[in-house]
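Undergrad: The structure that follows is given in the form of structure tokens.
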Amino acid sequence: MQLVISNLSKLYPNGVQALNNVNLTISEGMFGLLGPNGAGKSSLMRTISTLQEADNGSIFLDELNVLKEKETVRKILGYLPQDFGVYPKISSEQMLDHIACLKGIGNSAERKETVHNLLNRVNLYTDRKKNLGTYSGGMKQRFGIAQALLGNPKLIIVDEPTAGLDPAERNRFYNLLSEIGCNTIVILSTHIVEDVRTLCNDFAIICKGEVLRHGNPDKAVQEMEGKIFTCNTDKAGVHLLKEKYQVISVQMKSGSLSVRIYSDTDLGNDFKLVSPVLEDVYFHQIASRMDVVTL
Ligand code: ADP
């Protein structure tokens with residue numbers, strides 16, 4: 001199964017070009033979508049989820065024309081949006097039962113079994129009778145993934161699912177995503193760059209509506225081998241370095257500024273060659289489009 005996005009563009013009425021000729025082919029497995037705020041990630045995911053129209057281009061899931069055959073797509077789609085409201089005075093069990101009904105699982109015994117299986121899977125079975133309004137952020141997200149998994153979707157889209165979760169909740173949530181069957185496409189948008197390396201076999205970086213990079217995260221990191229240098233300096237030093245080198249990120253570390261520089265050639269003894277991480281790939285790509293180093 002493949003999701004093929006071709007020449008997809010979207011211009012909002014306020015003049016913002018949110019998607020600019022996006023081309024992406026996504027295969028089964030976990031696909032990570034990275035990009036700064038306003039890059040167009042949600043616009044892309046809402047378009048794939050049939051929630052908004054594109055101006056140009058096409059999206060096909062194998063033979064299925066996603067932009068035209070919306071009802072068919074919705075039957076095989078699981079979508080967890082960035083912000084989703086819950087009805088506070090209804091339990092997760094009742095709510096999932098209701099959604100299962102809407103998804104066409106008419107037989108009540110079958111529905112009950114499906115809902116209980118899902119509640120077990122997302123570790124909410126013991127809390128199934130509690131009202132959704134009493135759930136913690138992590139529990140709500142796990143409920144969200146349960147509703148997205150109803151009906152065994154072939155295409156699952158999750159938009160920044162771990163915002164607001166503590167590290168333990170985040171791990172639990174990702175373990176859950178990783179357990180999703182292998183004949184499924186999971187598109188995950190996140191701000192946590194290293195999570196993409198851990199979880200995804202394919203990823204893309206988008207910025208200003210354009211795909212800057214698409215490929216395997218490990219390969220992308222390997223390509224940066226021998227090209228990332230660091231040094232410690234102060235604010236004035238960063239400005240000088242920026243004039244001479246391609247500074248891709250600056251971080252405050254124990255009172256001084258730790259600078260990471262991309263260079264195709266050895267920078268000599270004043271700099272330390274370090275092992276690259278996926279964040280270097282990300283910042284290197286983004287820096288080509290916008291100033292990411294602001295002090
Ligand atoms: P991301 O999810 O990467 O933060 P979005 O797709 O939400 O990016 O937004 C991309 C750009 O489109 C931003 O500049 C945003 O302000 C703009 N935008 C998003 N939704 C709308 C809308 N409904 N109307 C007008 N502009 C929008």
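Labels used: A, B, ... for chains in the order of the structure tokens, numbers from 1 for residues in each chain, and numbers from 1 for ligands as shown.
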Dump the neighbourhood of ligand 1 as a PyMOL selection string: all residues within 8 Å, distances computed on only C-alpha atoms and all ligand atoms.

TA: chain A and resi 12-19+35-44+206-209

Undergrad: Let's have the selection written as a PDB file, in the first residue's frame, with N, CA and C atoms.

TA:
ATOM      1  N   TYR A  12      -4.584  29.755   1.243  1.00  0.00           N
ATOM      2  CA  TYR A  12      -5.753  30.175   2.027  1.00  0.00           C
ATOM      3  C   TYR A  12      -6.233  31.546   1.541  1.00  0.00           C
ATOM      4  N   PRO A  13      -7.500  31.851   1.806  1.00  0.00           N
ATOM      5  CA  PRO A  13      -8.044  33.136   1.319  1.00  0.00           C
ATOM      6  C   PRO A  13      -7.278  34.345   1.844  1.00  0.00           C
ATOM      7  N   ASN A  14      -6.581  34.192   2.992  1.00  0.00           N
ATOM      8  CA  ASN A  14      -5.818  35.330   3.517  1.00  0.00           C
ATOM      9  C   ASN A  14      -4.464  35.503   2.826  1.00  0.00           C
ATOM     10  N   GLY A  15      -4.216  34.692   1.779  1.00  0.00           N
ATOM     11  CA  GLY A  15      -2.983  34.852   1.015  1.00  0.00           C
ATOM     12  C   GLY A  15      -1.832  33.972   1.468  1.00  0.00           C
ATOM     13  N   VAL A  16      -2.041  33.138   2.503  1.00  0.00           N
ATOM     14  CA  VAL A  16      -0.956  32.256   2.969  1.00  0.00           C
ATOM     15  C   VAL A  16      -0.887  31.012   2.088  1.00  0.00           C
ATOM     16  N   GLN A  17       0.288  30.793   1.506  1.00  0.00           N
ATOM     17  CA  GLN A  17       0.505  29.581   0.690  1.00  0.00           C
ATOM     18  C   GLN A  17       0.935  28.472   1.654  1.00  0.00           C
ATOM     19  N   ALA A  18      -0.014  27.717   2.186  1.00  0.00           N
ATOM     20  CA  ALA A  18       0.299  26.723   3.227  1.00  0.00           C
ATOM     21  C   ALA A  18       0.966  25.480   2.655  1.00  0.00           C
ATOM     22  N   LEU A  19       0.609  25.104   1.419  1.00  0.00           N
ATOM     23  CA  LEU A  19       1.250  23.962   0.749  1.00  0.00           C
ATOM     24  C   LEU A  19       1.641  24.402  -0.649  1.00  0.00           C
ATOM     25  N   GLY A  35       8.655  19.922  10.981  1.00  0.00           N
ATOM     26  CA  GLY A  35       8.668  21.272  10.410  1.00  0.00           C
ATOM     27  C   GLY A  35       8.336  22.269  11.491  1.00  0.00           C
ATOM     28  N   PRO A  36       8.814  23.506  11.341  1.00  0.00           N
ATOM     29  CA  PRO A  36       8.514  24.521  12.369  1.00  0.00           C
ATOM     30  C   PRO A  36       7.024  24.876  12.380  1.00  0.00           C
ATOM     31  N   ASN A  37       6.594  25.600  13.387  1.00  0.00           N
ATOM     32  CA  ASN A  37       5.200  26.056  13.428  1.00  0.00           C
ATOM     33  C   ASN A  37       4.878  26.835  12.161  1.00  0.00           C
ATOM     34  N   GLY A  38       3.728  26.569  11.603  1.00  0.00           N
ATOM     35  CA  GLY A  38       3.322  27.292  10.403  1.00  0.00           C
ATOM     36  C   GLY A  38       3.876  26.706   9.122  1.00  0.00           C
ATOM     37  N   ALA A  39       4.573  25.537   9.214  1.00  0.00           N
ATOM     38  CA  ALA A  39       5.200  24.942   8.031  1.00  0.00           C
ATOM     39  C   ALA A  39       4.174  24.401   7.046  1.00  0.00           C
ATOM     40  N   GLY A  40       3.001  24.028   7.556  1.00  0.00           N
ATOM     41  CA  GLY A  40       1.976  23.445   6.680  1.00  0.00           C
ATOM     42  C   GLY A  40       1.639  22.001   7.042  1.00  0.00           C
ATOM     43  N   LYS A  41       2.165  21.528   8.164  1.00  0.00           N
ATOM     44  CA  LYS A  41       1.954  20.116   8.548  1.00  0.00           C
ATOM     45  C   LYS A  41       0.464  19.811   8.745  1.00  0.00           C
ATOM     46  N   SER A  42      -0.200  20.654   9.548  1.00  0.00           N
ATOM     47  CA  SER A  42      -1.624  20.384   9.810  1.00  0.00           C
ATOM     48  C   SER A  42      -2.448  20.523   8.540  1.00  0.00           C
ATOM     49  N   SER A  43      -2.099  21.510   7.713  1.00  0.00           N
ATOM     50  CA  SER A  43      -2.832  21.676   6.447  1.00  0.00           C
ATOM     51  C   SER A  43      -2.708  20.408   5.611  1.00  0.00           C
ATOM     52  N   LEU A  44      -1.497  19.838   5.565  1.00  0.00           N
ATOM     53  CA  LEU A  44      -1.277  18.616   4.800  1.00  0.00           C
ATOM     54  C   LEU A  44      -2.087  17.467   5.397  1.00  0.00           C
ATOM     55  N   ILE A 206       9.198  19.643   6.313  1.00  0.00           N
ATOM     56  CA  ILE A 206       8.589  20.665   5.467  1.00  0.00           C
ATOM     57  C   ILE A 206       8.744  22.037   6.115  1.00  0.00           C
ATOM     58  N   CYS A 207       8.827  23.042   5.266  1.00  0.00           N
ATOM     59  CA  CYS A 207       8.989  24.412   5.736  1.00  0.00           C
ATOM     60  C   CYS A 207       8.352  25.321   4.687  1.00  0.00           C
ATOM     61  N   LYS A 208       7.559  26.257   5.155  1.00  0.00           N
ATOM     62  CA  LYS A 208       6.863  27.176   4.250  1.00  0.00           C
ATOM     63  C   LYS A 208       6.131  26.436   3.131  1.00  0.00           C
ATOM     64  N   GLY A 209       5.519  25.322   3.503  1.00  0.00           N
ATOM     65  CA  GLY A 209       4.697  24.578   2.553  1.00  0.00           C
ATOM     66  C   GLY A 209       5.459  23.726   1.562  1.00  0.00           C
TER      67      GLY A 209
END

Undergrad: Within 6 Å of stretch 176-196 of chain A, which residues of stretch 46-159 of chain A show up? Give each one with its shortest atom-to-atom distance in Å (one decimal) and the two atoms involved, counting only C-alpha atoms, rows by chain then rising residue number, as a tab-separated table.

TA:
residue	atom	partner	partner_atom	distance
A:Lys154	CA	A:Thr184	CA	4.7
A:Leu155	CA	A:Ile185	CA	4.9
A:Ile156	CA	A:Val186	CA	4.7
A:Ile157	CA	A:Ile187	CA	4.8
A:Val158	CA	A:Leu188	CA	5.0
A:Asp159	CA	A:Ser189	CA	4.9

Undergrad: Please produce a file of the residues just selected, as a CSV table (one decimal), in the first residue's frame, where the atoms kept are all heavy atoms.

TA:
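Everything below was put into selection_27.csv:
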chain,number,residue,atom,x,y,z
A,154,LYS,N,-6.5,1.6,7.8
A,154,LYS,CA,-5.3,1.3,7.0
A,154,LYS,C,-4.4,2.6,7.0
A,154,LYS,O,-3.2,2.5,6.7
A,154,LYS,CB,-5.7,1.0,5.6
A,154,LYS,CG,-6.5,-0.3,5.4
A,154,LYS,CD,-5.5,-1.4,5.4
A,154,LYS,CE,-6.1,-2.7,5.8
A,154,LYS,NZ,-5.4,-3.4,6.9
A,155,LEU,N,-5.0,3.7,7.3
A,155,LEU,CA,-4.2,5.0,7.2
A,155,LEU,C,-4.5,5.7,8.5
A,155,LEU,O,-5.7,6.0,8.8
A,155,LEU,CB,-4.7,5.8,6.0
A,155,LEU,CG,-4.1,7.2,5.9
A,155,LEU,CD1,-2.6,7.2,5.7
A,155,LEU,CD2,-4.7,7.9,4.7
A,156,ILE,N,-3.4,6.0,9.3
A,156,ILE,CA,-3.6,6.6,10.6
A,156,ILE,C,-2.8,7.9,10.6
A,156,ILE,O,-1.6,7.9,10.3
A,156,ILE,CB,-3.2,5.7,11.8
A,156,ILE,CG1,-4.1,4.4,11.8
A,156,ILE,CG2,-3.3,6.4,13.1
A,156,ILE,CD1,-3.6,3.4,12.8
A,157,ILE,N,-3.5,9.0,11.0
A,157,ILE,CA,-2.8,10.3,11.0
A,157,ILE,C,-2.9,10.9,12.4
A,157,ILE,O,-4.0,11.0,13.0
A,157,ILE,CB,-3.5,11.2,10.0
A,157,ILE,CG1,-3.2,10.6,8.6
A,157,ILE,CG2,-2.9,12.6,10.1
A,157,ILE,CD1,-3.9,11.3,7.5
A,158,VAL,N,-1.7,11.2,13.0
A,158,VAL,CA,-1.7,11.7,14.4
A,158,VAL,C,-0.9,13.0,14.3
A,158,VAL,O,0.3,13.1,13.9
A,158,VAL,CB,-1.2,10.7,15.4
A,158,VAL,CG1,-2.2,9.7,15.8
A,158,VAL,CG2,0.1,10.0,15.0
A,159,ASP,N,-1.6,14.1,14.8
A,159,ASP,CA,-1.0,15.4,14.7
A,159,ASP,C,-0.5,15.9,16.0
A,159,ASP,O,-1.3,16.1,16.9
A,159,ASP,CB,-2.1,16.4,14.1
A,159,ASP,CG,-1.5,17.7,13.7
A,159,ASP,OD1,-0.3,18.0,13.8
A,159,ASP,OD2,-2.3,18.5,13.1

Undergrad: Assign secondary structure with DSSP using the backbone only, and return the residues of stretch 51-204 of chain A in strand (DSSP E) as a list in words.

TA: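 Of stretch 51-204 of chain A, only Asn56, Gly57, Ser58, Ile59, Phe60, Leu61, Leu64, Asn65, Leu77, Gly78, Tyr79, Leu80, Leu155, Ile156, Ile157, Val158, Asp159, Ile185, Val186, Ile187, Leu188, Ser189, Asp202, Phe203 and Ala204 of chain A fall in strand (DSSP E).
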
Undergrad: Atoms to include: N, CA and C atoms. Write the selected residues as an mmCIF file, in the first residue's frame.

TA:
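And here is the file that came out, selection26.cif:
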data_model
loop_
_atom_site.group_PDB
_atom_site.id
_atom_site.type_symbol
_atom_site.label_atom_id
_atom_site.label_comp_id
_atom_site.auth_asym_id
_atom_site.auth_seq_id
_atom_site.Cartn_x
_atom_site.Cartn_y
_atom_site.Cartn_z
ATOM 1 N N ASN A 56 -4.776 22.436 -5.866
ATOM 2 C CA ASN A 56 -4.197 21.680 -6.979
ATOM 3 C C ASN A 56 -3.615 20.385 -6.449
ATOM 4 N N GLY A 57 -3.428 19.435 -7.368
ATOM 5 C CA GLY A 57 -2.723 18.210 -7.019
ATOM 6 C C GLY A 57 -3.645 17.057 -6.711
ATOM 7 N N SER A 58 -3.014 15.929 -6.392
ATOM 8 C CA SER A 58 -3.806 14.724 -6.121
ATOM 9 C C SER A 58 -3.190 13.926 -4.983
ATOM 10 N N ILE A 59 -4.035 13.104 -4.359
ATOM 11 C CA ILE A 59 -3.567 12.159 -3.339
ATOM 12 C C ILE A 59 -4.222 10.817 -3.657
ATOM 13 N N PHE A 60 -3.401 9.793 -3.817
ATOM 14 C CA PHE A 60 -3.936 8.456 -4.058
ATOM 15 C C PHE A 60 -3.425 7.492 -3.006
ATOM 16 N N LEU A 61 -4.340 6.679 -2.479
ATOM 17 C CA LEU A 61 -3.936 5.560 -1.625
ATOM 18 C C LEU A 61 -4.129 4.330 -2.496
ATOM 19 N N LEU A 64 -7.152 4.356 -4.773
ATOM 20 C CA LEU A 64 -8.214 5.193 -4.206
ATOM 21 C C LEU A 64 -7.873 6.685 -4.317
ATOM 22 N N ASN A 65 -8.761 7.439 -4.946
ATOM 23 C CA ASN A 65 -8.558 8.876 -5.117
ATOM 24 C C ASN A 65 -9.043 9.594 -3.847
ATOM 25 N N LEU A 77 -9.781 5.354 7.506
ATOM 26 C CA LEU A 77 -8.903 6.375 8.087
ATOM 27 C C LEU A 77 -9.076 6.463 9.606
ATOM 28 N N GLY A 78 -7.954 6.588 10.311
ATOM 29 C CA GLY A 78 -8.003 6.915 11.735
ATOM 30 C C GLY A 78 -7.283 8.234 11.916
ATOM 31 N N TYR A 79 -7.963 9.218 12.498
ATOM 32 C CA TYR A 79 -7.351 10.556 12.583
ATOM 33 C C TYR A 79 -7.386 11.046 14.021
ATOM 34 N N LEU A 80 -6.209 11.423 14.515
ATOM 35 C CA LEU A 80 -6.137 12.016 15.850
ATOM 36 C C LEU A 80 -5.646 13.453 15.687
ATOM 37 N N LEU A 155 -4.965 3.721 7.255
ATOM 38 C CA LEU A 155 -4.200 4.971 7.233
ATOM 39 C C LEU A 155 -4.495 5.713 8.542
ATOM 40 N N ILE A 156 -3.434 5.955 9.324
ATOM 41 C CA ILE A 156 -3.632 6.607 10.618
ATOM 42 C C ILE A 156 -2.815 7.904 10.629
ATOM 43 N N ILE A 157 -3.473 8.988 11.027
ATOM 44 C CA ILE A 157 -2.804 10.283 11.027
ATOM 45 C C ILE A 157 -2.870 10.865 12.429
ATOM 46 N N VAL A 158 -1.710 11.154 13.006
ATOM 47 C CA VAL A 158 -1.700 11.732 14.351
ATOM 48 C C VAL A 158 -0.898 13.030 14.338
ATOM 49 N N ASP A 159 -1.570 14.099 14.756
ATOM 50 C CA ASP A 159 -0.994 15.440 14.660
ATOM 51 C C ASP A 159 -0.492 15.884 16.032
ATOM 52 N N ILE A 185 -0.326 2.551 7.228
ATOM 53 C CA ILE A 185 0.514 3.751 7.116
ATOM 54 C C ILE A 185 0.174 4.637 8.309
ATOM 55 N N VAL A 186 1.194 4.984 9.093
ATOM 56 C CA VAL A 186 0.982 5.891 10.221
ATOM 57 C C VAL A 186 1.764 7.174 9.953
ATOM 58 N N ILE A 187 1.065 8.295 9.864
ATOM 59 C CA ILE A 187 1.750 9.582 9.669
ATOM 60 C C ILE A 187 1.716 10.333 10.985
ATOM 61 N N LEU A 188 2.908 10.636 11.490
ATOM 62 C CA LEU A 188 3.038 11.237 12.805
ATOM 63 C C LEU A 188 3.709 12.594 12.681
ATOM 64 N N SER A 189 3.017 13.635 13.131
ATOM 65 C CA SER A 189 3.664 14.939 13.145
ATOM 66 C C SER A 189 4.110 15.234 14.566
ATOM 67 N N ASP A 202 10.797 6.351 7.872
ATOM 68 C CA ASP A 202 10.741 7.313 6.770
ATOM 69 C C ASP A 202 10.313 8.655 7.365
ATOM 70 N N PHE A 203 10.796 9.748 6.809
ATOM 71 C CA PHE A 203 10.385 11.045 7.355
ATOM 72 C C PHE A 203 10.535 12.139 6.305
ATOM 73 N N ALA A 204 9.893 13.259 6.578
ATOM 74 C CA ALA A 204 10.065 14.425 5.705
ATOM 75 C C ALA A 204 10.136 15.678 6.568
#

Undergrad: Can you list, as a ChimeraX atom specification, all residues belonging to stretch 163-255 of chain A that DSSP tags as helix (DSSP H, G or I)?

TA: /A:167-178,193-199,217-222,235-244

Undergrad: Using only C-alpha atoms, which residues sit within 10 Å of A:Ser288 once same-chain residues fewer than 2 positions away are excluded, as a short mmCIF file (atom, residue, chain, number, x, y, z; two decimals) with N, CA and C atoms, in the first residue's frame?

TA:
data_model
loop_
_atom_site.label_atom_id
_atom_site.label_comp_id
_atom_site.auth_asym_id
_atom_site.auth_seq_id
_atom_site.Cartn_x
_atom_site.Cartn_y
_atom_site.Cartn_z
N CYS A 207 8.83 23.04 5.27
CA CYS A 207 8.99 24.41 5.74
C CYS A 207 8.35 25.32 4.69
N LEU A 212 11.44 19.87 2.12
CA LEU A 212 12.87 20.16 1.99
C LEU A 212 13.69 18.88 1.95
N GLN A 246 28.36 28.24 8.66
CA GLN A 246 26.93 27.90 8.63
C GLN A 246 26.52 27.41 10.02
N ILE A 248 24.14 26.18 12.64
CA ILE A 248 22.79 25.60 12.50
C ILE A 248 22.00 25.59 13.80
N PHE A 283 17.85 21.17 11.53
CA PHE A 283 18.24 22.59 11.56
C PHE A 283 18.99 23.00 10.30
N HIS A 284 19.79 22.08 9.76
CA HIS A 284 20.53 22.39 8.54
C HIS A 284 19.55 22.70 7.39
N GLN A 285 18.50 21.87 7.30
CA GLN A 285 17.50 22.09 6.24
C GLN A 285 16.71 23.38 6.47
N ILE A 286 16.26 23.54 7.71
CA ILE A 286 15.40 24.70 8.02
C ILE A 286 16.20 26.01 7.87
N MET A 290 15.08 29.81 6.68
CA MET A 290 14.78 30.86 7.65
C MET A 290 15.88 30.92 8.70
N ASP A 291 15.97 32.05 9.40
CA ASP A 291 17.00 32.20 10.41
C ASP A 291 16.54 31.48 11.67
N VAL A 292 17.19 30.32 11.95
CA VAL A 292 16.76 29.57 13.15
C VAL A 292 17.58 29.95 14.37
#

Undergrad: Under the rule of at most 10 Å, produce a per-residue listing of stretch 57-94 of chain A near stretch 138-145 of chain A: chain, number, name, the closest pair of atoms, and the distance in Å, as CSV, using only C-alpha atoms.

TA:
residue,atom,partner,partner_atom,distance
A:Gly78,CA,A:Ile145,CA,8.3
A:Tyr79,CA,A:Ile145,CA,8.2
A:Leu80,CA,A:Gly144,CA,6.1
A:Pro81,CA,A:Gly144,CA,8.6
A:Gln82,CA,A:Gln141,CA,9.9
A:Asp83,CA,A:Gln141,CA,9.8
A:Phe84,CA,A:Gly144,CA,8.0
A:Gly85,CA,A:Lys140,CA,9.4
A:Val86,CA,A:Lys140,CA,8.2
A:Ser92,CA,A:Phe143,CA,7.0
A:Glu93,CA,A:Phe143,CA,9.6

Undergrad: Output C-alpha atoms of each residue in that selection to a file, as an mmCIF file, in the first residue's frame.

TA:
data_model
loop_
_atom_site.group_PDB
_atom_site.id
_atom_site.type_symbol
_atom_site.label_atom_id
_atom_site.label_comp_id
_atom_site.auth_asym_id
_atom_site.auth_seq_id
_atom_site.Cartn_x
_atom_site.Cartn_y
_atom_site.Cartn_z
ATOM 1 C CA GLY A 78 -8.003 6.915 11.735
ATOM 2 C CA TYR A 79 -7.351 10.556 12.583
ATOM 3 C CA LEU A 80 -6.137 12.016 15.850
ATOM 4 C CA PRO A 81 -6.130 15.814 15.486
ATOM 5 C CA GLN A 82 -3.895 18.154 17.464
ATOM 6 C CA ASP A 83 -6.714 19.439 19.665
ATOM 7 C CA PHE A 84 -9.758 17.341 20.083
ATOM 8 C CA GLY A 85 -12.517 18.016 22.543
ATOM 9 C CA VAL A 86 -14.101 15.266 24.601
ATOM 10 C CA SER A 92 -14.727 6.338 27.362
ATOM 11 C CA GLU A 93 -16.627 3.071 26.996
#

Undergrad: Would you mind reading off the distance between atom CA of A:Met95 and atom CA of A:Ala148, one decimal, in Å?

TA: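 Atom-to-atom, atom CA of A:Met95 and atom CA of A:Ala148 are spaced 12.3 Å apart.
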